[in-house]
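> Structure file start_4.pdb (PDB, C-alpha atoms) right here:
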ATOM      1  CA  MET A 127     121.277  51.482 265.487  1.00  0.00           C
ATOM      2  CA  HIS A 128     118.223  53.026 263.823  1.00  0.00           C
ATOM      3  CA  SER A 129     118.084  52.578 260.062  1.00  0.00           C
ATOM      4  CA  ASP A 130     116.094  54.587 257.538  1.00  0.00           C
ATOM      5  CA  LEU A 131     117.087  52.332 254.665  1.00  0.00           C
ATOM      6  CA  GLU A 132     114.284  51.313 252.306  1.00  0.00           C
ATOM      7  CA  LEU A 133     114.136  47.711 251.059  1.00  0.00           C
ATOM      8  CA  GLU A 134     112.206  46.271 248.123  1.00  0.00           C
ATOM      9  CA  TYR A 135     111.670  42.511 247.734  1.00  0.00           C
ATOM     10  CA  LYS A 136     110.962  40.741 244.442  1.00  0.00           C
ATOM     11  CA  HIS A 137     110.448  36.963 244.139  1.00  0.00           C
ATOM     12  CA  PHE A 138     110.197  34.786 241.017  1.00  0.00           C
ATOM     13  CA  GLU A 139     109.559  31.091 240.515  1.00  0.00           C
ATOM     14  CA  GLU A 140     112.389  30.933 237.977  1.00  0.00           C
ATOM     15  CA  LEU A 141     115.114  33.220 236.636  1.00  0.00           C
ATOM     16  CA  ASP A 142     118.200  32.786 234.505  1.00  0.00           C
ATOM     17  CA  SER A 143     120.235  34.419 237.278  1.00  0.00           C
ATOM     18  CA  THR A 144     119.291  36.794 240.072  1.00  0.00           C
ATOM     19  CA  ASN A 145     122.501  38.753 239.462  1.00  0.00           C
ATOM     20  CA  ASP A 146     121.688  39.083 235.763  1.00  0.00           C
ATOM     21  CA  PHE A 147     118.160  40.265 236.560  1.00  0.00           C
ATOM     22  CA  LEU A 148     119.467  43.088 238.728  1.00  0.00           C
ATOM     23  CA  ARG A 149     122.139  44.155 236.262  1.00  0.00           C
ATOM     24  CA  THR A 150     119.620  46.048 234.100  1.00  0.00           C
ATOM     25  CA  LEU A 151     117.340  47.212 236.918  1.00  0.00           C
ATOM     26  CA  THR A 152     117.060  50.840 237.969  1.00  0.00           C
ATOM     27  CA  PRO A 153     116.501  50.718 241.739  1.00  0.00           C
ATOM     28  CA  SER A 154     113.833  52.797 243.490  1.00  0.00           C
ATOM     29  CA  THR A 155     114.998  51.962 247.045  1.00  0.00           C
ATOM     30  CA  ASP A 156     118.262  51.740 248.980  1.00  0.00           C
ATOM     31  CA  ILE A 157     118.400  47.938 248.720  1.00  0.00           C
ATOM     32  CA  THR A 158     116.607  45.805 246.123  1.00  0.00           C
ATOM     33  CA  ILE A 159     116.382  42.084 246.925  1.00  0.00           C
ATOM     34  CA  VAL A 160     115.521  39.521 244.254  1.00  0.00           C
ATOM     35  CA  SER A 161     115.022  35.845 245.105  1.00  0.00           C
ATOM     36  CA  THR A 162     113.985  32.839 243.051  1.00  0.00           C
ATOM     37  CA  ASP A 163     113.016  29.198 243.495  1.00  0.00           C
ATOM     38  CA  PHE A 164     115.307  28.105 240.648  1.00  0.00           C
ATOM     39  CA  GLN A 165     118.080  29.510 238.468  1.00  0.00           C
ATOM     40  CA  THR A 166     118.702  28.152 234.977  1.00  0.00           C
ATOM     41  CA  LYS A 167     122.094  29.875 234.723  1.00  0.00           C
ATOM     42  CA  GLY A 168     123.242  30.257 238.313  1.00  0.00           C
ATOM     43  CA  ARG A 169     126.865  31.356 238.595  1.00  0.00           C
ATOM     44  CA  GLY A 170     129.559  31.149 241.217  1.00  0.00           C
ATOM     45  CA  GLN A 171     132.955  32.815 241.470  1.00  0.00           C
ATOM     46  CA  MET A 172     135.278  32.886 238.438  1.00  0.00           C
ATOM     47  CA  GLY A 173     132.649  31.524 236.043  1.00  0.00           C
ATOM     48  CA  ASN A 174     131.789  28.434 238.076  1.00  0.00           C
ATOM     49  CA  THR A 175     128.229  27.105 237.910  1.00  0.00           C
ATOM     50  CA  TRP A 176     126.101  27.143 241.066  1.00  0.00           C
ATOM     51  CA  LEU A 177     123.952  23.992 241.231  1.00  0.00           C
ATOM     52  CA  SER A 178     120.759  24.010 243.279  1.00  0.00           C
ATOM     53  CA  ASN A 179     117.581  21.898 243.279  1.00  0.00           C
ATOM     54  CA  ARG A 180     114.301  23.671 242.592  1.00  0.00           C
ATOM     55  CA  ARG A 181     112.564  25.180 245.656  1.00  0.00           C
ATOM     56  CA  GLU A 182     114.996  23.565 248.107  1.00  0.00           C
ATOM     57  CA  ASN A 183     117.433  26.400 248.761  1.00  0.00           C
ATOM     58  CA  LEU A 184     117.759  30.157 249.093  1.00  0.00           C
ATOM     59  CA  LEU A 185     118.924  31.901 245.926  1.00  0.00           C
ATOM     60  CA  PHE A 186     118.987  35.687 246.056  1.00  0.00           C
ATOM     61  CA  SER A 187     120.813  38.832 245.011  1.00  0.00           C
ATOM     62  CA  ILE A 188     120.759  42.382 246.278  1.00  0.00           C
ATOM     63  CA  LEU A 189     121.424  45.648 244.455  1.00  0.00           C
ATOM     64  CA  LEU A 190     123.125  48.549 246.230  1.00  0.00           C
ATOM     65  CA  GLN A 191     124.324  52.041 245.353  1.00  0.00           C
ATOM     66  CA  PRO A 192     126.647  52.902 248.259  1.00  0.00           C
ATOM     67  CA  ASN A 193     127.588  56.423 249.332  1.00  0.00           C
ATOM     68  CA  ASN A 194     131.199  57.465 248.721  1.00  0.00           C
ATOM     69  CA  LEU A 195     132.586  53.925 249.050  1.00  0.00           C
ATOM     70  CA  LYS A 196     136.099  53.856 247.615  1.00  0.00           C
ATOM     71  CA  ALA A 197     136.868  50.971 245.284  1.00  0.00           C
ATOM     72  CA  SER A 198     139.814  50.098 247.551  1.00  0.00           C
ATOM     73  CA  ASP A 199     137.315  49.628 250.407  1.00  0.00           C
ATOM     74  CA  GLY A 200     134.744  47.729 248.315  1.00  0.00           C
ATOM     75  CA  PHE A 201     135.582  44.391 249.957  1.00  0.00           C
ATOM     76  CA  VAL A 202     133.733  45.583 253.075  1.00  0.00           C
ATOM     77  CA  LEU A 203     130.462  44.839 251.228  1.00  0.00           C
ATOM     78  CA  SER A 204     131.583  41.226 250.807  1.00  0.00           C
ATOM     79  CA  GLN A 205     132.517  41.072 254.483  1.00  0.00           C
ATOM     80  CA  ALA A 206     129.148  42.523 255.523  1.00  0.00           C
ATOM     81  CA  MET A 207     127.191  39.960 253.518  1.00  0.00           C
ATOM     82  CA  ALA A 208     129.324  37.071 254.780  1.00  0.00           C
ATOM     83  CA  LEU A 209     128.734  38.178 258.367  1.00  0.00           C
ATOM     84  CA  SER A 210     125.008  38.634 257.761  1.00  0.00           C
ATOM     85  CA  ILE A 211     124.643  35.085 256.416  1.00  0.00           C
ATOM     86  CA  LYS A 212     126.895  33.590 259.079  1.00  0.00           C
ATOM     87  CA  GLU A 213     124.899  35.203 261.888  1.00  0.00           C
ATOM     88  CA  ALA A 214     121.575  34.086 260.392  1.00  0.00           C
ATOM     89  CA  LEU A 215     122.840  30.505 260.060  1.00  0.00           C
ATOM     90  CA  ASP A 216     124.059  30.586 263.666  1.00  0.00           C
ATOM     91  CA  ASN A 217     120.389  30.370 264.677  1.00  0.00           C
ATOM     92  CA  HIS A 218     120.063  27.001 262.916  1.00  0.00           C
ATOM     93  CA  ILE A 219     123.428  25.220 262.886  1.00  0.00           C
ATOM     94  CA  LYS A 220     126.750  25.105 264.738  1.00  0.00           C
ATOM     95  CA  LYS A 221     130.385  25.776 263.813  1.00  0.00           C
ATOM     96  CA  VAL A 222     129.665  28.387 261.139  1.00  0.00           C
ATOM     97  CA  SER A 223     132.660  30.292 259.750  1.00  0.00           C
ATOM     98  CA  ILE A 224     133.665  32.417 256.771  1.00  0.00           C
ATOM     99  CA  LYS A 225     136.121  30.912 254.285  1.00  0.00           C
ATOM    100  CA  TRP A 226     138.031  33.610 252.444  1.00  0.00           C
ATOM    101  CA  PRO A 227     136.866  35.507 250.586  1.00  0.00           C
ATOM    102  CA  ASN A 228     133.148  35.011 251.336  1.00  0.00           C
ATOM    103  CA  ASP A 229     132.069  31.335 251.306  1.00  0.00           C
ATOM    104  CA  ILE A 230     130.280  30.107 254.402  1.00  0.00           C
ATOM    105  CA  TYR A 231     131.350  26.799 255.939  1.00  0.00           C
ATOM    106  CA  SER A 232     129.852  24.659 258.658  1.00  0.00           C
ATOM    107  CA  ASP A 233     131.996  21.991 260.283  1.00  0.00           C
ATOM    108  CA  GLY A 234     134.411  22.025 257.345  1.00  0.00           C
ATOM    109  CA  LYS A 235     131.809  21.835 254.544  1.00  0.00           C
ATOM    110  CA  LYS A 236     130.504  24.534 252.226  1.00  0.00           C
ATOM    111  CA  ILE A 237     126.940  25.699 252.822  1.00  0.00           C
ATOM    112  CA  CYS A 238     126.947  29.022 250.964  1.00  0.00           C
ATOM    113  CA  GLY A 239     128.683  30.722 248.067  1.00  0.00           C
ATOM    114  CA  THR A 240     128.542  34.397 247.114  1.00  0.00           C
ATOM    115  CA  LEU A 241     129.310  36.272 243.892  1.00  0.00           C
ATOM    116  CA  ILE A 242     129.875  40.039 244.063  1.00  0.00           C
ATOM    117  CA  GLU A 243     129.961  42.292 241.017  1.00  0.00           C
ATOM    118  CA  ASN A 244     130.919  45.932 241.594  1.00  0.00           C
ATOM    119  CA  THR A 245     130.561  48.670 238.987  1.00  0.00           C
ATOM    120  CA  LEU A 246     133.042  51.486 239.511  1.00  0.00           C
ATOM    121  CA  PHE A 247     132.337  55.158 238.934  1.00  0.00           C
ATOM    122  CA  GLY A 248     135.824  56.630 238.894  1.00  0.00           C
ATOM    123  CA  LYS A 249     137.458  55.601 242.175  1.00  0.00           C
ATOM    124  CA  LEU A 250     134.130  54.806 243.868  1.00  0.00           C
ATOM    125  CA  VAL A 251     131.828  51.777 243.903  1.00  0.00           C
ATOM    126  CA  GLY A 252     128.797  53.080 242.025  1.00  0.00           C
ATOM    127  CA  ARG A 253     126.687  49.924 242.062  1.00  0.00           C
ATOM    128  CA  SER A 254     127.125  46.575 243.735  1.00  0.00           C
ATOM    129  CA  ILE A 255     125.264  43.335 243.058  1.00  0.00           C
ATOM    130  CA  ILE A 256     125.750  40.628 245.684  1.00  0.00           C
ATOM    131  CA  GLY A 257     124.346  37.195 244.858  1.00  0.00           C
ATOM    132  CA  SER A 258     124.284  34.272 247.293  1.00  0.00           C
ATOM    133  CA  GLY A 259     123.188  30.663 247.172  1.00  0.00           C
ATOM    134  CA  ILE A 260     122.570  28.924 250.499  1.00  0.00           C
ATOM    135  CA  ASN A 261     121.961  25.190 250.798  1.00  0.00           C
ATOM    136  CA  ILE A 262     118.906  24.856 253.014  1.00  0.00           C
ATOM    137  CA  ASN A 263     116.703  21.822 252.374  1.00  0.00           C
ATOM    138  CA  GLN A 264     118.724  19.930 249.742  1.00  0.00           C
ATOM    139  CA  LYS A 265     119.327  16.343 250.844  1.00  0.00           C
ATOM    140  CA  SER A 266     121.913  15.209 248.278  1.00  0.00           C
ATOM    141  CA  PHE A 267     124.527  16.792 246.023  1.00  0.00           C
ATOM    142  CA  PRO A 268     126.405  15.719 242.870  1.00  0.00           C
ATOM    143  CA  ASP A 269     129.728  13.956 243.289  1.00  0.00           C
ATOM    144  CA  GLY A 270     132.977  15.631 242.357  1.00  0.00           C
ATOM    145  CA  LEU A 271     132.292  19.148 243.608  1.00  0.00           C
ATOM    146  CA  ALA A 272     135.425  21.154 244.410  1.00  0.00           C
ATOM    147  CA  ALA A 273     134.312  21.816 247.994  1.00  0.00           C
ATOM    148  CA  PRO A 274     132.375  19.208 250.006  1.00  0.00           C
ATOM    149  CA  PRO A 275     128.836  20.630 250.359  1.00  0.00           C
ATOM    150  CA  THR A 276     126.297  20.463 253.146  1.00  0.00           C
ATOM    151  CA  SER A 277     122.902  21.987 253.953  1.00  0.00           C
ATOM    152  CA  ILE A 278     120.882  22.999 256.998  1.00  0.00           C
ATOM    153  CA  TYR A 279     118.758  19.886 256.515  1.00  0.00           C
ATOM    154  CA  LEU A 280     121.761  17.531 256.397  1.00  0.00           C
ATOM    155  CA  LEU A 281     123.097  19.099 259.592  1.00  0.00           C
ATOM    156  CA  THR A 282     119.824  19.227 261.542  1.00  0.00           C
ATOM    157  CA  ASN A 283     117.400  16.816 259.825  1.00  0.00           C
ATOM    158  CA  MET A 284     114.921  19.705 259.833  1.00  0.00           C
ATOM    159  CA  GLU A 285     113.505  21.799 256.982  1.00  0.00           C
ATOM    160  CA  THR A 286     113.870  25.588 257.072  1.00  0.00           C
ATOM    161  CA  SER A 287     111.866  28.293 255.325  1.00  0.00           C
ATOM    162  CA  PRO A 288     113.994  30.077 252.694  1.00  0.00           C
ATOM    163  CA  SER A 289     111.967  33.285 253.077  1.00  0.00           C
ATOM    164  CA  TYR A 290     112.427  33.237 256.850  1.00  0.00           C
ATOM    165  CA  LEU A 291     116.188  32.862 256.450  1.00  0.00           C
ATOM    166  CA  LEU A 292     116.282  35.652 253.857  1.00  0.00           C
ATOM    167  CA  ASN A 293     114.484  38.035 256.203  1.00  0.00           C
ATOM    168  CA  SER A 294     116.965  37.179 258.960  1.00  0.00           C
ATOM    169  CA  ILE A 295     119.922  37.800 256.638  1.00  0.00           C
ATOM    170  CA  MET A 296     118.564  41.138 255.466  1.00  0.00           C
ATOM    171  CA  GLU A 297     117.902  42.275 259.018  1.00  0.00           C
ATOM    172  CA  ASN A 298     121.583  41.663 259.724  1.00  0.00           C
ATOM    173  CA  PHE A 299     122.788  43.176 256.463  1.00  0.00           C
ATOM    174  CA  THR A 300     120.742  46.361 256.868  1.00  0.00           C
ATOM    175  CA  LYS A 301     122.551  46.961 260.164  1.00  0.00           C
ATOM    176  CA  TYR A 302     125.971  46.544 258.567  1.00  0.00           C
ATOM    177  CA  TYR A 303     125.082  48.480 255.413  1.00  0.00           C
ATOM    178  CA  GLN A 304     123.981  51.410 257.549  1.00  0.00           C
ATOM    179  CA  GLN A 305     127.486  51.414 259.045  1.00  0.00           C
ATOM    180  CA  ILE A 306     129.030  51.320 255.563  1.00  0.00           C
ATOM    181  CA  GLN A 307     126.859  54.223 254.417  1.00  0.00           C
ATOM    182  CA  GLU A 308     128.154  56.202 257.392  1.00  0.00           C
ATOM    183  CA  GLY A 309     131.777  55.362 256.518  1.00  0.00           C
ATOM    184  CA  GLU A 310     132.266  53.035 259.502  1.00  0.00           C
ATOM    185  CA  TYR A 311     134.058  49.846 258.415  1.00  0.00           C
ATOM    186  CA  THR A 312     136.119  48.907 261.480  1.00  0.00           C
ATOM    187  CA  THR A 313     133.551  46.754 263.294  1.00  0.00           C
ATOM    188  CA  ILE A 314     132.705  44.804 260.151  1.00  0.00           C
ATOM    189  CA  ARG A 315     136.364  44.076 259.431  1.00  0.00           C
ATOM    190  CA  GLN A 316     137.043  43.012 263.009  1.00  0.00           C
ATOM    191  CA  LEU A 317     134.067  40.637 263.154  1.00  0.00           C
ATOM    192  CA  TYR A 318     135.004  39.162 259.766  1.00  0.00           C
ATOM    193  CA  HIS A 319     138.460  38.264 261.072  1.00  0.00           C
ATOM    194  CA  GLN A 320     137.025  36.770 264.259  1.00  0.00           C
ATOM    195  CA  HIS A 321     135.021  34.279 262.205  1.00  0.00           C
ATOM    196  CA  LEU A 322     137.565  33.557 259.449  1.00  0.00           C
ATOM    197  CA  TYR A 323     137.821  29.835 258.674  1.00  0.00           C
ATOM    198  CA  LEU A 324     141.113  28.261 259.864  1.00  0.00           C
ATOM    199  CA  ARG A 325     142.705  31.591 260.712  1.00  0.00           C
ATOM    200  CA  GLY A 326     145.882  30.980 262.719  1.00  0.00           C
ATOM    201  CA  GLN A 327     145.835  27.213 262.157  1.00  0.00           C
ATOM    202  CA  CYS A 328     148.764  25.437 260.522  1.00  0.00           C
ATOM    203  CA  CYS A 329     147.639  24.253 257.054  1.00  0.00           C
ATOM    204  CA  TRP A 330     149.013  23.112 253.737  1.00  0.00           C
ATOM    205  CA  PHE A 331     148.467  25.500 250.827  1.00  0.00           C
ATOM    206  CA  GLN A 332     149.420  25.506 247.156  1.00  0.00           C
ATOM    207  CA  ASP A 333     150.335  28.450 244.954  1.00  0.00           C
ATOM    208  CA  SER A 334     152.295  28.962 241.722  1.00  0.00           C
ATOM    209  CA  GLU A 335     155.508  28.019 243.551  1.00  0.00           C
ATOM    210  CA  GLY A 336     154.125  24.717 244.856  1.00  0.00           C
ATOM    211  CA  GLU A 337     152.896  23.391 248.192  1.00  0.00           C
ATOM    212  CA  PHE A 338     153.843  25.075 251.448  1.00  0.00           C
ATOM    213  CA  LEU A 339     152.977  25.075 255.128  1.00  0.00           C
ATOM    214  CA  GLY A 340     151.559  28.244 256.615  1.00  0.00           C
ATOM    215  CA  LYS A 341     148.917  30.038 258.639  1.00  0.00           C
ATOM    216  CA  ILE A 342     146.281  32.546 257.524  1.00  0.00           C
ATOM    217  CA  SER A 343     147.319  35.844 259.100  1.00  0.00           C
ATOM    218  CA  HIS A 344     144.658  38.309 257.959  1.00  0.00           C
ATOM    219  CA  VAL A 345     142.778  39.769 255.026  1.00  0.00           C
ATOM    220  CA  GLU A 346     143.721  43.228 253.820  1.00  0.00           C
ATOM    221  CA  THR A 347     141.105  45.941 253.436  1.00  0.00           C
ATOM    222  CA  ASP A 348     141.066  45.423 249.649  1.00  0.00           C
ATOM    223  CA  GLY A 349     140.401  41.681 250.050  1.00  0.00           C
ATOM    224  CA  HIS A 350     143.879  40.211 249.550  1.00  0.00           C
ATOM    225  CA  LEU A 351     144.694  37.217 251.755  1.00  0.00           C
ATOM    226  CA  ILE A 352     147.924  37.241 253.782  1.00  0.00           C
ATOM    227  CA  ILE A 353     149.410  33.849 254.678  1.00  0.00           C
ATOM    228  CA  GLU A 354     152.543  33.523 256.803  1.00  0.00           C
ATOM    229  CA  ASP A 355     154.519  30.464 255.766  1.00  0.00           C
ATOM    230  CA  ASN A 356     156.687  28.336 258.050  1.00  0.00           C
ATOM    231  CA  HIS A 357     159.718  30.488 257.136  1.00  0.00           C
ATOM    232  CA  LEU A 358     157.834  33.544 258.464  1.00  0.00           C
ATOM    233  CA  ARG A 359     157.457  34.924 254.938  1.00  0.00           C
ATOM    234  CA  GLN A 360     154.275  36.933 254.332  1.00  0.00           C
ATOM    235  CA  ARG A 361     152.593  35.790 251.135  1.00  0.00           C
ATOM    236  CA  ARG A 362     149.854  37.928 249.529  1.00  0.00           C
ATOM    237  CA  TYR A 363     147.103  36.536 247.297  1.00  0.00           C
ATOM    238  CA  ALA A 364     144.166  37.640 245.230  1.00  0.00           C
ATOM    239  CA  PHE A 365     141.234  35.246 244.840  1.00  0.00           C
ATOM    240  CA  LYS A 366     142.110  31.945 243.107  1.00  0.00           C
ATOM    241  CA  GLU A 367     145.865  32.540 243.456  1.00  0.00           C
ATOM    242  CA  VAL A 368     146.182  30.112 246.357  1.00  0.00           C
ATOM    243  CA  LYS A 369     144.515  26.790 247.124  1.00  0.00           C
ATOM    244  CA  PHE A 370     143.829  25.388 250.580  1.00  0.00           C
ATOM    245  CA  LEU A 371     144.887  21.722 250.746  1.00  0.00           C
ATOM    246  CA  ASN A 372     144.417  20.447 254.291  1.00  0.00           C
ATOM    247  CA  ILE A 373     145.060  21.050 257.962  1.00  0.00           C
ATOM    248  CA  ASN A 374     148.484  19.882 259.080  1.00  0.00           C
ATOM    249  CA  GLN A 375     147.872  17.408 261.893  1.00  0.00           C
ATOM    250  CA  ASN A 376     151.520  16.961 262.903  1.00  0.00           C
ATOM    251  CA  ILE A 377     152.463  20.510 263.828  1.00  0.00           C
ATOM    252  CA  ASN A 378     152.259  21.844 267.361  1.00  0.00           C
ATOM    253  CA  GLN A 379     149.942  24.842 267.295  1.00  0.00           C
TER
END
Translate this file's structure into structure tokens.

Amino acid sequence: MHSDLELEYKHFEELDSTNDFLRTLTPSTDITIVSTDFQTKGRGQMGNTWLSNRRENLLFSILLQPNNLKASDGFVLSQAMALSIKEALDNHIKKVSIKWPNDIYSDGKKICGTLIENTLFGKLVGRSIIGSGININQKSFPDGLAAPPTSIYLLTNMETSPSYLLNSIMENFTKYYQQIQEGEYTTIRQLYHQHLYLRGQCCWFQDSEGEFLGKISHVETDGHLIIEDNHLRQRRYAFKEVKFLNINQNINQ
């Protein structure tokens, strides 16, 4: 698919946060990409801190102003970025999947986190800032992190250029964003489900009612996760309303 989208790249040695930098920026192109070697106030989902060693990883955010994208369809931007990162990482490592809503996992460990901030104009997404942190060359991580982390280096024993990976991601994302601008979301949603971490596998989860056994069924167009429990009840969750515990090893699949 031919794309006429214009991209502008900005890189800084250090920023408080790439998302924060873009929040006050007036874009002059279709997609503005800001990357940095180090963030002093990097953020993850729900106010979590994103920890990253200086110059070892890829830290970037992009600013978009989509055409006629309904707020109820806004999750497709998250899906497009997750796919773009997953496909770029496929060129370097194996067993890459998307953990709902948009983390990237490799062989059961977290390699990327993404924070999306949409500004609504009425019922439409007026502006979207998508910030991602990808573990590339980091060789060790702090203890006690909620999700076991990994990096390209730990998986391959080889260093990777952050700028090279960013260019690969944006090549993928431009393709998907062109589809979004044309109102075509179906392919993105289908591919997202194909690569969804642990979809269809019997796992233990925990919600406000306690622990239960179930399988991830699908993700709705607005981003809600649907889990079917072992009583065939469909349970619906927004982000942070359910916690994945572990794969159930004693259930016939």
> For the PyMOL selection byres ((chain A and resi 182) around 8), applied here, can you spell out every residue it catches as a PDB file with C-alpha atoms, in the coordinates of the input?

ATOM      1  CA  ASP A 163     113.016  29.198 243.495  1.00  0.00           C
ATOM      2  CA  SER A 178     120.759  24.010 243.279  1.00  0.00           C
ATOM      3  CA  ASN A 179     117.581  21.898 243.279  1.00  0.00           C
ATOM      4  CA  ARG A 180     114.301  23.671 242.592  1.00  0.00           C
ATOM      5  CA  ARG A 181     112.564  25.180 245.656  1.00  0.00           C
ATOM      6  CA  ASN A 183     117.433  26.400 248.761  1.00  0.00           C
ATOM      7  CA  LEU A 184     117.759  30.157 249.093  1.00  0.00           C
ATOM      8  CA  ASN A 261     121.961  25.190 250.798  1.00  0.00           C
ATOM      9  CA  ILE A 262     118.906  24.856 253.014  1.00  0.00           C
ATOM     10  CA  ASN A 263     116.703  21.822 252.374  1.00  0.00           C
ATOM     11  CA  GLN A 264     118.724  19.930 249.742  1.00  0.00           C
TER      12      GLN A 264
END
> Would you compute the distance between atom CA of Ser210 of chain A and atom CA of Leu141 of chain A? Give it in Å to one decimal.
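Answer for the atom CA of Ser210 of chain A to atom CA of Leu141 of chain A separation: 23.9 Å.
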> I'd like to know which of A:Gly309, A:Gly326, A:Gly234, A:Gly248 is closest to Pro275 of chain A, using all atoms listed in the file.
A:Gly234
> I need the output of the PyMOL selection byres ((chain A and resi 304) around 10) for this file as a list in words; which residues are they?
Met127, His128, Ser129, Asp130, Leu131, Pro192, Phe299, Thr300, Lys301, Tyr302, Tyr303, Gln305, Ile306, Gln307, Glu308, Gly309 and Glu310 of chain A
> I'd like to know which of A:Ser223, A:Gln327, A:Gln205, A:Asn372 is closest to Arg315 of chain A, using only C-alpha atoms.
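Closest residue, counting only C-alpha atoms: A:Gln205.
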> Measuring atom to atom with all atoms listed in the file, identify which of A:Asn356, A:Asn298, A:Thr150, A:Thr158 is nearest to Ala206 of chain A.
A:Asn298
> Closest to Leu195 of chain A among A:Leu250, A:Asn293, A:Glu139, A:Ile314, using all atoms listed in the file?
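Nearest candidate to Leu195 of chain A out of A:Leu250, A:Asn293, A:Glu139, A:Ile314: A:Leu250.
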> Select, from A:His137, A:Lys265, A:Lys249, A:His350, the residue with the minimum atom-to-atom distance to Leu280 of chain A, counting only C-alpha atoms.
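Using only C-alpha atoms, the shortest distance to Leu280 of chain A belongs to A:Lys265.
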> Hey, can you check how far atom CA of Pro268 of chain A sits from atom CA of Ile219 of chain A?
22.4 Å
> Smallest atom-to-atom distance to Thr162 of chain A: which of A:Ser258, A:Val251, A:Ser204, A:Ile237, using only C-alpha atoms?
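Residue with the minimum atom-to-atom distance to Thr162 of chain A: A:Ser258.
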> Could you check how far atom CA of Glu297 of chain A sits from atom CA of Ile159 of chain A, in Å to one decimal?
12.2 Å
> Please return, as JSON, numbers by chain, all polymer residues that have at least one atom within 12 Å of the point (126.7, 35.0, 257.4); use only C-alpha atoms and the file's own coordinate frame.
{"A": [204, 205, 206, 207, 208, 209, 210, 211, 212, 213, 214, 215, 216, 217, 218, 219, 221, 222, 223, 224, 225, 228, 229, 230, 231, 232, 237, 238, 239, 240, 258, 259, 260, 291, 292, 294, 295, 296, 297, 298, 299, 302, 314, 317, 318, 321, 322]}
> Could you list, as an mmCIF file with C-alpha atoms, in the coordinates of the input, every residue within 9 Å of Gly252 of chain A, counting all atoms listed in the file and ignoring same-chain residues fewer than 2 positions away?

data_model
loop_
_atom_site.group_PDB
_atom_site.id
_atom_site.type_symbol
_atom_site.label_atom_id
_atom_site.label_comp_id
_atom_site.auth_asym_id
_atom_site.auth_seq_id
_atom_site.Cartn_x
_atom_site.Cartn_y
_atom_site.Cartn_z
ATOM 1 C CA LEU A 190 123.125 48.549 246.230
ATOM 2 C CA GLN A 191 124.324 52.041 245.353
ATOM 3 C CA PRO A 192 126.647 52.902 248.259
ATOM 4 C CA ASN A 193 127.588 56.423 249.332
ATOM 5 C CA ASN A 194 131.199 57.465 248.721
ATOM 6 C CA LEU A 195 132.586 53.925 249.050
ATOM 7 C CA ALA A 197 136.868 50.971 245.284
ATOM 8 C CA ASN A 244 130.919 45.932 241.594
ATOM 9 C CA THR A 245 130.561 48.670 238.987
ATOM 10 C CA LEU A 246 133.042 51.486 239.511
ATOM 11 C CA PHE A 247 132.337 55.158 238.934
ATOM 12 C CA GLY A 248 135.824 56.630 238.894
ATOM 13 C CA LEU A 250 134.130 54.806 243.868
ATOM 14 C CA SER A 254 127.125 46.575 243.735
#
> Using the chain letters and numbering of this document, enumerate as an MDAnalysis selection string the residues selected by the PyMOL selection byres ((chain A and resi 329-339) around 8).
chainID A and resid 327:328 340:341 355:356 367:374
> Skipping near chain neighbours, those fewer than 5 positions away, what residues fall within 8 Å of Arg325 of chain A using all atoms listed in the file, listed as a VMD selection string?
chain A and resid 319 341 to 344
> Could you put an axis-aligned box around every listed atom of segment 176-194 of chain A, padded by 3 Å on each side, and send me its centre and edge lengths in Å to one decimal, as AutoDock Vina command-line options?

--center_x 121.9 --center_y 39.7 --center_z 245.2 --size_x 24.6 --size_y 41.6 --size_z 14.3
> Would you kindly return, as a list of chain:residue names, each protein, DNA or RNA residue with an atom no farther than 7 Å from any atom of segment 155-157 of chain A, considering all atoms listed in the file and excluding same-chain residues fewer than 5 positions away?
A:Leu131, A:Glu132, A:Leu133, A:Glu134, A:Ile188, A:Leu189, A:Leu190
> N, CA, C and O atoms for segment 359-365 of chain A, written as an mmCIF file, keeping the file's coordinate frame, could you do that?

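The result, written out as part_33.cif:
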data_model
loop_
_atom_site.group_PDB
_atom_site.id
_atom_site.type_symbol
_atom_site.label_atom_id
_atom_site.label_comp_id
_atom_site.auth_asym_id
_atom_site.auth_seq_id
_atom_site.Cartn_x
_atom_site.Cartn_y
_atom_site.Cartn_z
ATOM 1 N N ARG A 359 157.641 34.055 256.107
ATOM 2 C CA ARG A 359 157.457 34.924 254.938
ATOM 3 C C ARG A 359 155.973 35.237 254.775
ATOM 4 O O ARG A 359 155.127 34.351 254.846
ATOM 5 N N GLN A 360 155.656 36.506 254.557
ATOM 6 C CA GLN A 360 154.275 36.933 254.332
ATOM 7 C C GLN A 360 153.953 36.822 252.843
ATOM 8 O O GLN A 360 154.595 37.472 252.012
ATOM 9 N N ARG A 361 152.989 35.978 252.530
ATOM 10 C CA ARG A 361 152.593 35.790 251.135
ATOM 11 C C ARG A 361 151.214 36.424 250.912
ATOM 12 O O ARG A 361 150.319 36.233 251.713
ATOM 13 N N ARG A 362 151.064 37.142 249.806
ATOM 14 C CA ARG A 362 149.854 37.928 249.529
ATOM 15 C C ARG A 362 149.152 37.380 248.287
ATOM 16 O O ARG A 362 149.782 37.175 247.253
ATOM 17 N N TYR A 363 147.834 37.180 248.391
ATOM 18 C CA TYR A 363 147.103 36.536 247.297
ATOM 19 C C TYR A 363 145.787 37.238 246.986
ATOM 20 O O TYR A 363 145.049 37.644 247.894
ATOM 21 N N ALA A 364 145.510 37.315 245.693
ATOM 22 C CA ALA A 364 144.166 37.640 245.230
ATOM 23 C C ALA A 364 143.385 36.329 245.132
ATOM 24 O O ALA A 364 143.953 35.230 245.243
ATOM 25 N N PHE A 365 142.078 36.429 244.908
ATOM 26 C CA PHE A 365 141.234 35.246 244.840
ATOM 27 C C PHE A 365 141.703 34.307 243.728
ATOM 28 O O PHE A 365 142.078 34.749 242.646
#
